[in-house]
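**Student:** Sharing my_file-v5.cif (mmCIF, C-alpha atoms) below.
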```cif
data_work
#
loop_
_atom_site.label_atom_id
_atom_site.label_comp_id
_atom_site.auth_asym_id
_atom_site.auth_seq_id
_atom_site.Cartn_x
_atom_site.Cartn_y
_atom_site.Cartn_z
CA MET A 1 15.58 23.93 -38.09
CA LEU A 2 14.79 26.58 -35.52
CA GLN A 3 11.31 26.88 -36.99
CA GLU A 4 10.70 23.14 -36.58
CA ALA A 5 11.89 23.19 -32.99
CA GLN A 6 9.59 26.09 -32.26
CA ASN A 7 6.71 24.16 -33.83
CA VAL A 8 7.32 21.18 -31.57
CA VAL A 9 7.64 23.30 -28.45
CA SER A 10 4.44 25.18 -29.19
CA GLN A 11 2.52 21.89 -29.30
CA ILE A 12 3.42 20.84 -25.76
CA SER A 13 0.47 21.50 -23.50
CA GLY A 14 0.33 21.82 -19.74
CA ALA A 15 -1.45 18.49 -19.47
CA ASP A 16 1.50 16.70 -21.11
CA ILE A 17 3.95 18.19 -18.66
CA ALA A 18 1.67 17.28 -15.77
CA ASN A 19 1.48 13.67 -16.98
CA ALA A 20 5.23 13.40 -17.30
CA ALA A 21 5.70 14.94 -13.86
CA LYS A 22 3.26 12.42 -12.39
CA TYR A 23 5.29 9.45 -13.59
CA ILE A 24 8.62 10.95 -12.59
CA GLY A 25 7.24 11.86 -9.17
CA ALA A 26 5.86 8.38 -8.56
CA GLY A 27 9.18 6.82 -9.48
CA ILE A 28 11.23 9.12 -7.26
CA CYS A 29 8.78 8.74 -4.35
CA MET A 30 8.88 4.97 -4.27
CA GLY A 31 12.61 4.85 -5.03
CA ILE A 32 13.63 7.03 -2.11
CA GLY A 33 11.05 5.53 0.23
CA ALA A 34 12.35 1.99 -0.28
CA ILE A 35 15.86 2.89 0.92
CA GLY A 36 14.95 3.50 4.54
CA SER A 37 12.81 0.43 5.04
CA GLY A 38 15.33 -1.88 3.39
CA ILE A 39 18.22 -0.64 5.52
CA GLY A 40 16.19 -0.71 8.72
CA GLU A 41 14.95 -4.25 8.28
CA GLY A 42 18.41 -5.47 7.32
CA ILE A 43 19.94 -4.01 10.49
CA THR A 44 17.18 -5.64 12.56
CA ALA A 45 17.89 -9.02 11.01
CA ALA A 46 21.63 -8.59 11.62
CA HIS A 47 21.13 -7.94 15.33
CA THR A 48 18.75 -10.89 15.54
CA VAL A 49 21.35 -13.20 14.02
CA ASP A 50 23.93 -11.93 16.52
CA ALA A 51 21.59 -12.59 19.43
CA MET A 52 20.69 -16.04 18.12
CA ALA A 53 24.35 -16.96 17.86
CA ARG A 54 24.87 -15.84 21.41
CA GLN A 55 21.86 -17.66 22.88
CA PRO A 56 20.53 -20.43 20.60
CA GLU A 57 17.80 -21.50 23.04
CA MET A 58 15.90 -18.22 22.58
CA GLU A 59 15.48 -18.69 18.84
CA GLY A 60 11.67 -18.76 18.85
CA ALA A 61 11.19 -15.57 20.83
CA LEU A 62 13.92 -13.77 18.91
CA LEU A 63 12.42 -14.73 15.56
CA ARG A 64 8.97 -13.56 16.57
CA THR A 65 10.26 -10.25 17.85
CA MET A 66 12.30 -9.73 14.69
CA VAL A 67 9.30 -10.34 12.45
CA LEU A 68 7.20 -7.95 14.53
CA GLY A 69 9.85 -5.24 14.47
CA GLN A 70 10.34 -5.58 10.73
CA ALA A 71 6.62 -5.33 10.06
CA ILE A 72 6.51 -2.05 11.93
CA ALA A 73 9.67 -0.69 10.29
CA GLU A 74 8.11 -1.41 6.91
CA SER A 75 5.30 1.09 7.56
CA THR A 76 7.07 4.14 6.17
CA GLY A 77 7.94 2.23 3.00
CA ILE A 78 4.25 1.41 2.68
CA TYR A 79 3.36 5.07 3.07
CA SER A 80 5.55 6.06 0.11
CA LEU A 81 4.05 3.18 -1.89
CA LEU A 82 0.63 4.65 -1.23
CA ILE A 83 1.70 8.11 -2.38
CA ALA A 84 3.20 6.61 -5.55
CA ILE A 85 -0.06 4.74 -6.26
CA VAL A 86 -2.10 7.88 -5.67
CA LEU A 87 0.16 9.80 -8.05
CA LEU A 88 -0.10 7.15 -10.75
CA PHE A 89 -3.74 6.18 -10.68
CA VAL A 90 -5.79 8.79 -8.91
CA ILE A 91 -4.41 12.16 -9.90
CA MET B 92 -6.20 -2.93 -14.37
CA PHE B 93 -6.40 -6.68 -14.52
CA GLY B 94 -6.90 -9.49 -12.08
CA PRO B 95 -7.53 -8.62 -8.46
CA LEU B 96 -8.10 -4.95 -9.17
CA GLY B 97 -10.35 -5.27 -12.18
CA HIS B 98 -13.78 -5.32 -10.59
CA LYS B 99 -16.14 -2.42 -11.05
CA LEU B 100 -18.95 -3.29 -8.66
CA ILE B 101 -19.57 0.15 -7.22
CA ALA B 102 -23.11 1.23 -6.38
CA HIS B 103 -23.76 4.94 -6.46
CA ILE B 104 -26.57 6.21 -4.32
CA SER B 105 -27.44 9.83 -3.71
CA ILE B 106 -29.03 10.64 -0.37
CA GLY B 107 -30.63 14.07 -0.40
CA GLY B 108 -28.19 15.46 -2.93
CA PHE B 109 -25.02 13.85 -1.51
CA PRO B 110 -23.59 11.16 -3.76
CA ILE B 111 -22.47 8.12 -1.77
CA SER B 112 -20.84 5.13 -3.38
CA PHE B 113 -20.66 1.63 -1.94
CA ASP B 114 -18.06 -0.87 -2.98
CA LEU B 115 -20.23 -3.96 -3.32
CA MET B 116 -17.31 -6.39 -3.56
CA THR B 117 -15.99 -5.34 -0.17
CA ILE B 118 -19.41 -5.61 1.46
CA ILE B 119 -20.14 -9.03 -0.04
CA MET B 120 -16.69 -10.37 0.87
CA SER B 121 -16.98 -9.08 4.44
CA TRP B 122 -20.28 -10.89 4.85
CA ILE B 123 -18.73 -14.05 3.39
CA VAL B 124 -15.90 -13.88 5.93
CA ILE B 125 -18.36 -13.33 8.78
CA ALA B 126 -20.48 -16.26 7.60
CA LEU B 127 -17.39 -18.48 7.37
CA LEU B 128 -16.34 -17.61 10.92
CA VAL B 129 -19.79 -18.29 12.33
CA ILE B 130 -20.18 -21.58 10.45
CA LEU B 131 -16.70 -22.66 11.54
CA ALA B 132 -17.56 -21.85 15.13
CA PHE B 133 -20.73 -23.92 15.03
CA ILE B 134 -19.08 -26.88 13.33
CA LEU B 135 -16.08 -26.97 15.65
CA ARG B 136 -18.23 -26.58 18.70
CA LYS B 137 -19.80 -30.00 18.18
CA SER B 138 -16.47 -31.76 18.61
CA LEU B 139 -15.88 -30.11 21.95
CA ARG B 140 -18.59 -32.00 23.80
CA GLN B 141 -16.48 -34.55 25.61
CA ASP B 142 -15.42 -35.29 29.17
CA ILE B 143 -12.61 -33.27 30.56
CA ASP B 144 -10.62 -36.40 31.40
CA ASP B 145 -10.58 -37.90 27.91
CA LYS B 146 -7.63 -37.63 25.62
CA PRO B 147 -8.26 -34.55 23.45
CA ASN B 148 -9.22 -35.28 19.89
CA ARG B 149 -7.69 -33.41 16.98
CA VAL B 150 -10.17 -30.56 16.84
CA GLN B 151 -9.79 -29.96 20.55
CA ALA B 152 -6.01 -29.91 20.24
CA LEU B 153 -6.19 -27.49 17.31
CA LEU B 154 -8.49 -25.12 19.15
CA ASP B 155 -6.36 -25.38 22.26
CA ALA B 156 -3.31 -24.40 20.23
CA LEU B 157 -5.14 -21.44 18.67
CA ILE B 158 -6.48 -20.11 21.96
CA ASP B 159 -3.12 -20.64 23.60
CA LEU B 160 -1.42 -18.72 20.81
CA ILE B 161 -3.77 -15.77 21.23
CA LYS B 162 -3.57 -15.84 25.00
CA SER B 163 0.18 -16.20 25.37
CA GLN B 164 1.27 -13.92 22.55
CA LEU B 165 -1.36 -11.22 22.43
CA THR B 166 -3.29 -10.76 25.64
CA SER B 167 -0.43 -11.60 27.98
CA SER B 168 0.98 -8.13 27.29
CA PHE B 169 -1.90 -6.44 29.08
CA SER B 170 -0.89 -4.67 32.24
CA SER B 171 -3.61 -6.18 34.42
CA ASP B 172 -5.18 -9.63 34.43
CA GLN B 173 -8.67 -8.22 34.68
CA LEU B 174 -8.16 -6.29 31.47
CA ALA B 175 -6.74 -9.38 29.76
CA GLN B 176 -9.82 -11.35 30.79
CA ASP B 177 -12.26 -8.66 29.62
CA LEU B 178 -10.64 -7.93 26.31
CA PHE B 179 -9.72 -11.46 25.26
CA PRO B 180 -12.86 -11.97 23.09
CA PHE B 181 -12.35 -8.62 21.38
CA ILE B 182 -8.69 -9.23 20.54
CA ALA B 183 -9.35 -12.81 19.48
CA THR B 184 -12.19 -11.79 17.16
CA LEU B 185 -10.12 -8.97 15.68
CA PHE B 186 -7.22 -11.34 15.05
CA MET B 187 -9.32 -14.09 13.50
CA PHE B 188 -11.38 -11.77 11.30
CA ILE B 189 -8.32 -10.01 9.90
CA LEU B 190 -6.49 -13.33 9.46
CA LEU B 191 -9.34 -14.95 7.57
CA SER B 192 -9.99 -11.90 5.43
CA ASN B 193 -6.30 -11.69 4.50
CA TRP B 194 -6.23 -15.39 3.66
CA ILE B 195 -9.42 -15.49 1.63
CA SER B 196 -7.72 -13.81 -1.33
CA VAL B 197 -5.84 -17.05 -2.01
CA ILE B 198 -9.04 -18.60 -3.37
CA PRO B 199 -9.43 -17.54 -7.00
CA LEU B 200 -12.19 -15.05 -7.83
CA LEU B 201 -12.37 -13.88 -4.22
CA GLU B 202 -10.75 -10.74 -2.85
CA SER B 203 -9.85 -9.77 0.67
CA PRO B 204 -12.04 -7.09 2.26
CA THR B 205 -9.02 -5.61 4.01
CA LYS B 206 -7.80 -4.48 0.62
CA ASP B 207 -10.21 -1.55 1.04
CA LEU B 208 -9.24 1.44 3.16
CA ASN B 209 -12.78 1.70 4.54
CA VAL B 210 -12.46 -1.67 6.31
CA THR B 211 -9.02 -1.10 7.81
CA PHE B 212 -9.80 2.46 8.86
CA SER B 213 -12.93 1.23 10.63
CA PHE B 214 -10.81 -1.23 12.57
CA GLY B 215 -8.32 1.50 13.43
CA LEU B 216 -11.10 3.75 14.67
CA LEU B 217 -12.59 0.85 16.63
CA VAL B 218 -9.33 0.25 18.48
CA PHE B 219 -8.98 4.00 19.05
CA PHE B 220 -12.42 4.29 20.63
CA MET B 221 -11.86 1.17 22.71
CA SER B 222 -8.61 2.55 24.10
CA GLN B 223 -10.16 5.92 24.96
CA TYR B 224 -13.16 4.22 26.57
CA PHE B 225 -11.02 1.97 28.74
CA ALA B 226 -8.76 4.88 29.65
CA ILE B 227 -11.72 6.96 30.83
CA LYS B 228 -13.23 4.00 32.64
CA ARG B 229 -9.98 3.12 34.41
CA LYS B 230 -8.56 6.54 35.19
CA GLY B 231 -11.64 8.74 35.47
CA PHE B 232 -12.45 11.64 33.21
CA GLY B 233 -10.44 14.30 35.05
CA LYS B 234 -7.24 12.32 35.16
CA TYR B 235 -7.69 11.33 31.52
CA MET B 236 -7.89 14.97 30.45
CA LYS B 237 -4.95 15.83 32.65
CA GLY B 238 -2.92 13.20 30.86
CA PHE B 239 -2.83 15.36 27.78
CA ILE B 240 -0.90 18.16 29.50
CA GLU B 241 1.27 15.70 31.37
CA PRO B 242 4.93 16.82 31.08
CA TYR B 243 4.28 20.47 30.15
CA PRO B 244 1.06 22.29 29.17
CA LEU B 245 2.82 23.29 25.97
CA MET B 246 2.81 19.63 24.89
CA LEU B 247 -0.98 19.64 24.41
CA PRO B 248 -0.97 19.95 20.57
CA LEU B 249 1.78 17.34 20.30
CA ASN B 250 -0.13 14.90 22.51
CA ILE B 251 -3.34 15.41 20.54
CA VAL B 252 -1.57 14.89 17.22
CA GLY B 253 0.11 11.80 18.61
CA GLU B 254 -3.22 10.37 19.66
CA ILE B 255 -4.75 11.01 16.25
CA ALA B 256 -1.75 9.64 14.34
CA LYS B 257 -2.08 6.24 16.00
CA PRO B 258 -5.22 4.98 14.20
CA LEU B 259 -3.94 6.49 10.95
CA SER B 260 -0.68 4.55 10.95
CA HIS B 261 -2.43 1.49 12.36
CA SER B 262 -4.92 1.30 9.52
CA PHE B 263 -2.62 2.41 6.71
CA ARG B 264 -0.11 -0.33 7.49
CA LEU B 265 -2.66 -3.10 6.99
CA PHE B 266 -4.25 -1.40 3.98
CA GLY B 267 -0.91 -0.73 2.30
CA ASN B 268 0.31 -4.29 2.70
CA MET B 269 -2.85 -5.88 1.35
CA PHE B 270 -3.39 -3.39 -1.45
CA GLY B 271 0.27 -3.60 -2.47
CA GLY B 272 -0.02 -7.36 -2.71
CA ALA B 273 -3.11 -7.04 -4.91
CA ILE B 274 -1.37 -4.55 -7.19
CA MET B 275 1.65 -6.80 -7.49
CA LEU B 276 -0.59 -9.74 -8.45
CA SER B 277 -2.44 -7.70 -11.06
CA ILE B 278 0.85 -6.55 -12.58
CA ILE B 279 2.06 -10.15 -12.74
CA TYR B 280 -1.15 -11.28 -14.40
CA SER B 281 -0.78 -8.59 -17.04
CA PHE B 282 2.50 -10.18 -18.20
CA THR B 283 1.46 -13.23 -20.17
CA PHE B 284 4.77 -15.02 -19.84
CA LEU B 285 4.63 -14.84 -16.05
CA SER B 286 1.02 -15.95 -15.72
CA VAL B 287 1.81 -19.64 -15.33
CA GLY B 288 3.23 -20.85 -12.05
CA PHE B 289 4.66 -17.54 -10.84
CA PRO B 290 1.42 -16.15 -9.35
CA LEU B 291 1.28 -19.25 -7.15
CA ILE B 292 4.56 -18.37 -5.46
CA VAL B 293 3.60 -14.72 -5.10
CA THR B 294 0.18 -15.62 -3.69
CA ALA B 295 1.71 -18.08 -1.25
CA PHE B 296 4.06 -15.40 0.03
CA TYR B 297 1.91 -12.30 -0.12
CA GLY B 298 -1.36 -13.97 0.68
CA LEU B 299 -0.54 -16.49 3.39
CA PHE B 300 2.71 -15.42 5.06
CA GLU B 301 2.30 -11.67 4.83
CA GLY B 302 -1.39 -11.93 5.71
CA MET B 303 -0.65 -13.81 8.90
CA ILE B 304 2.09 -11.40 9.90
CA GLN B 305 -0.05 -8.34 9.27
CA ALA B 306 -2.95 -9.78 11.26
CA PHE B 307 -0.58 -10.52 14.14
CA VAL B 308 0.99 -7.06 13.98
CA PHE B 309 -2.43 -5.38 13.92
CA SER B 310 -3.59 -7.29 16.98
CA ILE B 311 -0.45 -6.81 18.99
CA LEU B 312 -0.45 -3.08 18.24
CA ALA B 313 -4.10 -2.90 19.29
CA VAL B 314 -3.09 -4.50 22.61
CA ALA B 315 -0.19 -2.05 22.95
CA TYR B 316 -2.38 1.01 22.27
CA ILE B 317 -5.00 -0.05 24.79
CA ASN B 318 -2.26 -0.79 27.30
CA VAL B 319 -0.60 2.60 26.86
CA ALA B 320 -3.91 4.41 27.18
CA VAL B 321 -4.92 2.58 30.35
CA GLU B 322 -1.79 2.87 32.42
CA SER B 323 -1.18 6.36 33.70
#
```
Written as structure tokens, that's how I'd like the structure from this file.

**Tutor:**
Amino acid sequence: MLQEAQNVVSQISGADIANAAKYIGAGICMGIGAIGSGIGEGITAAHTVDAMARQPEMEGALLRTMVLGQAIAESTGIYSLLIAIVLLFVI
Amino acid sequence: MFGPLGHKLIAHISIGGFPISFDLMTIIMSWIVIALLVILAFILRKSLRQDIDDKPNRVQALLDALIDLIKSQLTSSFSSDQLAQDLFPFIATLFMFILLSNWISVIPLLESPTKDLNVTFSFGLLVFFMSQYFAIKRKGFGKYMKGFIEPYPLMLPLNIVGEIAKPLSHSFRLFGNMFGGAIMLSIIYSFTFLSVGFPLIVTAFYGLFEGMIQAFVFSILAVAYINVAVES
């Protein structure tokens, strides 16, 4: 039994470990990066709904500003998506 | 990779020992977008030849709405009216080119040129050089250099890094959004049970809505960067 386990372990090469680490790294990178952008955009939308309830005549301007703010808050999520893609397909 | 990421039209040229590769799909699609904009301009221009007192026809009303959108949303944020007047063609062209090149991926077999980092980084560098040029022209070279050591002389590396980080984030935002949409579409096409009907919804959201928002965000950030660089 010990001999078989040692046989399996001796067949693992560095390239296999690097491949596995690539996939794990890409998953962790995108997973953690999505938290911040989701929370940030949700808080922005919540404040926009509050302001719309307070002043319904400013709906157009509030909606435009919310969309603009959310597009900018999404940037860091996009950066982690890029790193995950680079990890999966380039390296 | 399937679908929108499956092309392999890359031309490799070596100039004096340096290998350079051109992505032919990006170049061809950029020229197609430019040709579409020019043809659209010539066609729409014919309907504008009317008296100023007539009731505006539909093309006139559409163009009025477009120009009013660009003027009131984008260039109204400029700090001076003279700057808004000078830079209106630049901002309008930037907005319309990025909008059309984001939207052209909806047509099957065509891809958006902004899916390539080369295109978006060129736009980021263009806005960067425009902002530095207008800052030097408005403030003079001495005052422009003094602006880098503005609160304390120790802030010089931070100010330089801040200036360089602006075109990077500017271009990566547009590239990441468009490339992410293309990847999502290619993943959906690789599932056979999702290939019918579902890509239409995803294309309508990622292609049209997200494309318009990203073009708007790019233009309004370009206006904001030029504004920040010009005012002292």

**Student:** At what distance in Å, to one decimal, does CA of Ser192 in chain B lie from CA of Ala273 in chain B?

**Tutor:** 13.3 Å

**Student:** To verify the selection step, state as a list in words which residues the PyMOL selection byres ((chain B) within 10 of (chain A)) yields on this input.

**Tutor:** Gln164, Ser260, His261, Phe263, Arg264, Leu265, Phe266, Gly267, Asn268, Phe270, Gly271, Ile274, Glu301, Ile304, Gln305, Phe307, Val308, Phe309, Ile311 and Leu312 of chain B

**Student:** Could you name the residues that touch range 110-115 of chain B at 12 Å or less, counting all atoms listed in the file, but leaving out those on the same chain fewer than 6 positions away, as a short mmCIF file (atom, residue, chain, number, x, y, z; two decimals) with C-alpha atoms, in the coordinates of the input?

**Tutor:**
```cif
data_model
loop_
_atom_site.label_atom_id
_atom_site.label_comp_id
_atom_site.auth_asym_id
_atom_site.auth_seq_id
_atom_site.Cartn_x
_atom_site.Cartn_y
_atom_site.Cartn_z
CA HIS B 98 -13.78 -5.32 -10.59
CA LYS B 99 -16.14 -2.42 -11.05
CA LEU B 100 -18.95 -3.29 -8.66
CA ILE B 101 -19.57 0.15 -7.22
CA ALA B 102 -23.11 1.23 -6.38
CA HIS B 103 -23.76 4.94 -6.46
CA ILE B 104 -26.57 6.21 -4.32
CA SER B 121 -16.98 -9.08 4.44
CA TRP B 122 -20.28 -10.89 4.85
CA GLU B 202 -10.75 -10.74 -2.85
CA PRO B 204 -12.04 -7.09 2.26
CA LYS B 206 -7.80 -4.48 0.62
CA ASP B 207 -10.21 -1.55 1.04
CA LEU B 208 -9.24 1.44 3.16
CA ASN B 209 -12.78 1.70 4.54
CA VAL B 210 -12.46 -1.67 6.31
#
```

**Student:** Just the residues within 10 Å of range 19-26 of chain A, please, counting only C-alpha atoms, with nothing from its chain fewer than 2 positions along; format it as a PyMOL selection string.

**Tutor:** chain A and resi 14-17+28-31+80-89+91

**Student:** Between CA of Val150 in chain B and CA of Leu135 in chain B, what is the spacing in Å?

**Tutor:**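 CA of Leu135 in chain B sits 7.0 Å away from CA of Val150 in chain B.
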
**Student:** By how many Å are CA of His47 in chain A and CA of Met66 in chain A apart?

**Tutor:** 9.0 Å

**Student:** Starting from the displayed file, determine the output of the PyMOL selection byres ((chain B and resi 297) around 12) and express the residue list as a PDB file with C-alpha atoms, in the coordinates of the input.

**Tutor:**
```pdb
ATOM      1  CA  ASN B 193      -6.300 -11.690   4.500  1.00  0.00           C
ATOM      2  CA  TRP B 194      -6.230 -15.390   3.660  1.00  0.00           C
ATOM      3  CA  ILE B 195      -9.420 -15.490   1.630  1.00  0.00           C
ATOM      4  CA  SER B 196      -7.720 -13.810  -1.330  1.00  0.00           C
ATOM      5  CA  VAL B 197      -5.840 -17.050  -2.010  1.00  0.00           C
ATOM      6  CA  ASN B 268       0.310  -4.290   2.700  1.00  0.00           C
ATOM      7  CA  MET B 269      -2.850  -5.880   1.350  1.00  0.00           C
ATOM      8  CA  PHE B 270      -3.390  -3.390  -1.450  1.00  0.00           C
ATOM      9  CA  GLY B 271       0.270  -3.600  -2.470  1.00  0.00           C
ATOM     10  CA  GLY B 272      -0.020  -7.360  -2.710  1.00  0.00           C
ATOM     11  CA  ALA B 273      -3.110  -7.040  -4.910  1.00  0.00           C
ATOM     12  CA  ILE B 274      -1.370  -4.550  -7.190  1.00  0.00           C
ATOM     13  CA  MET B 275       1.650  -6.800  -7.490  1.00  0.00           C
ATOM     14  CA  LEU B 276      -0.590  -9.740  -8.450  1.00  0.00           C
ATOM     15  CA  PRO B 290       1.420 -16.150  -9.350  1.00  0.00           C
ATOM     16  CA  LEU B 291       1.280 -19.250  -7.150  1.00  0.00           C
ATOM     17  CA  ILE B 292       4.560 -18.370  -5.460  1.00  0.00           C
ATOM     18  CA  VAL B 293       3.600 -14.720  -5.100  1.00  0.00           C
ATOM     19  CA  THR B 294       0.180 -15.620  -3.690  1.00  0.00           C
ATOM     20  CA  ALA B 295       1.710 -18.080  -1.250  1.00  0.00           C
ATOM     21  CA  PHE B 296       4.060 -15.400   0.030  1.00  0.00           C
ATOM     22  CA  GLY B 298      -1.360 -13.970   0.680  1.00  0.00           C
ATOM     23  CA  LEU B 299      -0.540 -16.490   3.390  1.00  0.00           C
ATOM     24  CA  PHE B 300       2.710 -15.420   5.060  1.00  0.00           C
ATOM     25  CA  GLU B 301       2.300 -11.670   4.830  1.00  0.00           C
ATOM     26  CA  GLY B 302      -1.390 -11.930   5.710  1.00  0.00           C
ATOM     27  CA  MET B 303      -0.650 -13.810   8.900  1.00  0.00           C
ATOM     28  CA  ILE B 304       2.090 -11.400   9.900  1.00  0.00           C
ATOM     29  CA  GLN B 305      -0.050  -8.340   9.270  1.00  0.00           C
TER      30      GLN B 305
END
```

**Student:** Got a sec: who's within 8 Å of Ser222 in chain B, counting all atoms listed in the file, leaving out chain neighbours fewer than 4 positions off, as a PDB file with C-alpha atoms, in the frame of the given file?

**Tutor:**
```pdb
ATOM      1  CA  VAL B 218      -9.330   0.250  18.480  1.00  0.00           C
ATOM      2  CA  ALA B 226      -8.760   4.880  29.650  1.00  0.00           C
ATOM      3  CA  TYR B 316      -2.380   1.010  22.270  1.00  0.00           C
ATOM      4  CA  ILE B 317      -5.000  -0.050  24.790  1.00  0.00           C
ATOM      5  CA  ASN B 318      -2.260  -0.790  27.300  1.00  0.00           C
ATOM      6  CA  ALA B 320      -3.910   4.410  27.180  1.00  0.00           C
ATOM      7  CA  VAL B 321      -4.920   2.580  30.350  1.00  0.00           C
TER       8      VAL B 321
END
```

**Student:** Apply the PyMOL selection byres ((chain B and resi 162) around 12) to the structure shown and report the selected residues as JSON, numbers by chain.

**Tutor:** {"B": [155, 156, 157, 158, 159, 160, 161, 163, 164, 165, 166, 167, 168, 169, 172, 175, 176, 178, 179, 180, 181, 182, 183, 186, 310, 311, 314]}

**Student:** Where's the centre, and what are the edge lengths in Å to one decimal, of a box along x, y and z enclosing all listed atoms of range 39-43 of chain A padded 3 Å per side, as AutoDock Vina command-line options?

**Tutor:**
```
--center_x 17.4 --center_y -3.1 --center_z 8.0 --size_x 11.0 --size_y 10.8 --size_z 11.0
```

**Student:** Would you kindly return, as a count of residues only, each protein, DNA or RNA residue with an atom no farther than 12 Å from any atom of Leu63 in chain A, considering only C-alpha atoms and excluding same-chain residues fewer than 4 positions away?

**Tutor:** 17

**Student:** Just add N, CA, C and O atoms to range 174-185 of chain B and send it as a PDB file, keeping the file's coordinate frame.

**Tutor:**
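Listed below is the output, selection-v8.pdb:
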```
ATOM      1  N   LEU B 174      -8.029  -6.833  32.829  1.00  0.00           N
ATOM      2  CA  LEU B 174      -8.160  -6.290  31.470  1.00  0.00           C
ATOM      3  C   LEU B 174      -7.964  -7.387  30.433  1.00  0.00           C
ATOM      4  O   LEU B 174      -8.663  -7.446  29.424  1.00  0.00           O
ATOM      5  N   ALA B 175      -6.990  -8.282  30.690  1.00  0.00           N
ATOM      6  CA  ALA B 175      -6.740  -9.380  29.760  1.00  0.00           C
ATOM      7  C   ALA B 175      -7.966 -10.276  29.666  1.00  0.00           C
ATOM      8  O   ALA B 175      -8.330 -10.740  28.583  1.00  0.00           O
ATOM      9  N   GLN B 176      -8.625 -10.516  30.788  1.00  0.00           N
ATOM     10  CA  GLN B 176      -9.820 -11.350  30.790  1.00  0.00           C
ATOM     11  C   GLN B 176     -10.967 -10.681  30.033  1.00  0.00           C
ATOM     12  O   GLN B 176     -11.656 -11.318  29.244  1.00  0.00           O
ATOM     13  N   ASP B 177     -11.143  -9.349  30.251  1.00  0.00           N
ATOM     14  CA  ASP B 177     -12.260  -8.660  29.620  1.00  0.00           C
ATOM     15  C   ASP B 177     -12.084  -8.533  28.124  1.00  0.00           C
ATOM     16  O   ASP B 177     -13.034  -8.633  27.364  1.00  0.00           O
ATOM     17  N   LEU B 178     -10.849  -8.273  27.725  1.00  0.00           N
ATOM     18  CA  LEU B 178     -10.640  -7.930  26.310  1.00  0.00           C
ATOM     19  C   LEU B 178     -10.232  -9.117  25.476  1.00  0.00           C
ATOM     20  O   LEU B 178      -9.972  -8.946  24.293  1.00  0.00           O
ATOM     21  N   PHE B 179     -10.134 -10.317  26.068  1.00  0.00           N
ATOM     22  CA  PHE B 179      -9.720 -11.460  25.260  1.00  0.00           C
ATOM     23  C   PHE B 179     -10.676 -11.760  24.100  1.00  0.00           C
ATOM     24  O   PHE B 179     -10.210 -12.019  22.989  1.00  0.00           O
ATOM     25  N   PRO B 180     -12.013 -11.716  24.268  1.00  0.00           N
ATOM     26  CA  PRO B 180     -12.860 -11.970  23.090  1.00  0.00           C
ATOM     27  C   PRO B 180     -12.672 -10.947  21.995  1.00  0.00           C
ATOM     28  O   PRO B 180     -12.669 -11.304  20.812  1.00  0.00           O
ATOM     29  N   PHE B 181     -12.504  -9.673  22.391  1.00  0.00           N
ATOM     30  CA  PHE B 181     -12.350  -8.620  21.380  1.00  0.00           C
ATOM     31  C   PHE B 181     -11.092  -8.828  20.554  1.00  0.00           C
ATOM     32  O   PHE B 181     -11.109  -8.803  19.320  1.00  0.00           O
ATOM     33  N   ILE B 182      -9.966  -9.069  21.252  1.00  0.00           N
ATOM     34  CA  ILE B 182      -8.690  -9.230  20.540  1.00  0.00           C
ATOM     35  C   ILE B 182      -8.713 -10.494  19.700  1.00  0.00           C
ATOM     36  O   ILE B 182      -8.215 -10.517  18.564  1.00  0.00           O
ATOM     37  N   ALA B 183      -9.317 -11.564  20.241  1.00  0.00           N
ATOM     38  CA  ALA B 183      -9.350 -12.810  19.480  1.00  0.00           C
ATOM     39  C   ALA B 183     -10.200 -12.658  18.225  1.00  0.00           C
ATOM     40  O   ALA B 183      -9.832 -13.150  17.146  1.00  0.00           O
ATOM     41  N   THR B 184     -11.350 -11.984  18.347  1.00  0.00           N
ATOM     42  CA  THR B 184     -12.190 -11.790  17.160  1.00  0.00           C
ATOM     43  C   THR B 184     -11.499 -10.919  16.122  1.00  0.00           C
ATOM     44  O   THR B 184     -11.545 -11.204  14.921  1.00  0.00           O
ATOM     45  N   LEU B 185     -10.855  -9.849  16.597  1.00  0.00           N
ATOM     46  CA  LEU B 185     -10.120  -8.970  15.680  1.00  0.00           C
ATOM     47  C   LEU B 185      -9.070  -9.765  14.914  1.00  0.00           C
ATOM     48  O   LEU B 185      -8.973  -9.704  13.683  1.00  0.00           O
TER      49      LEU B 185
END
```
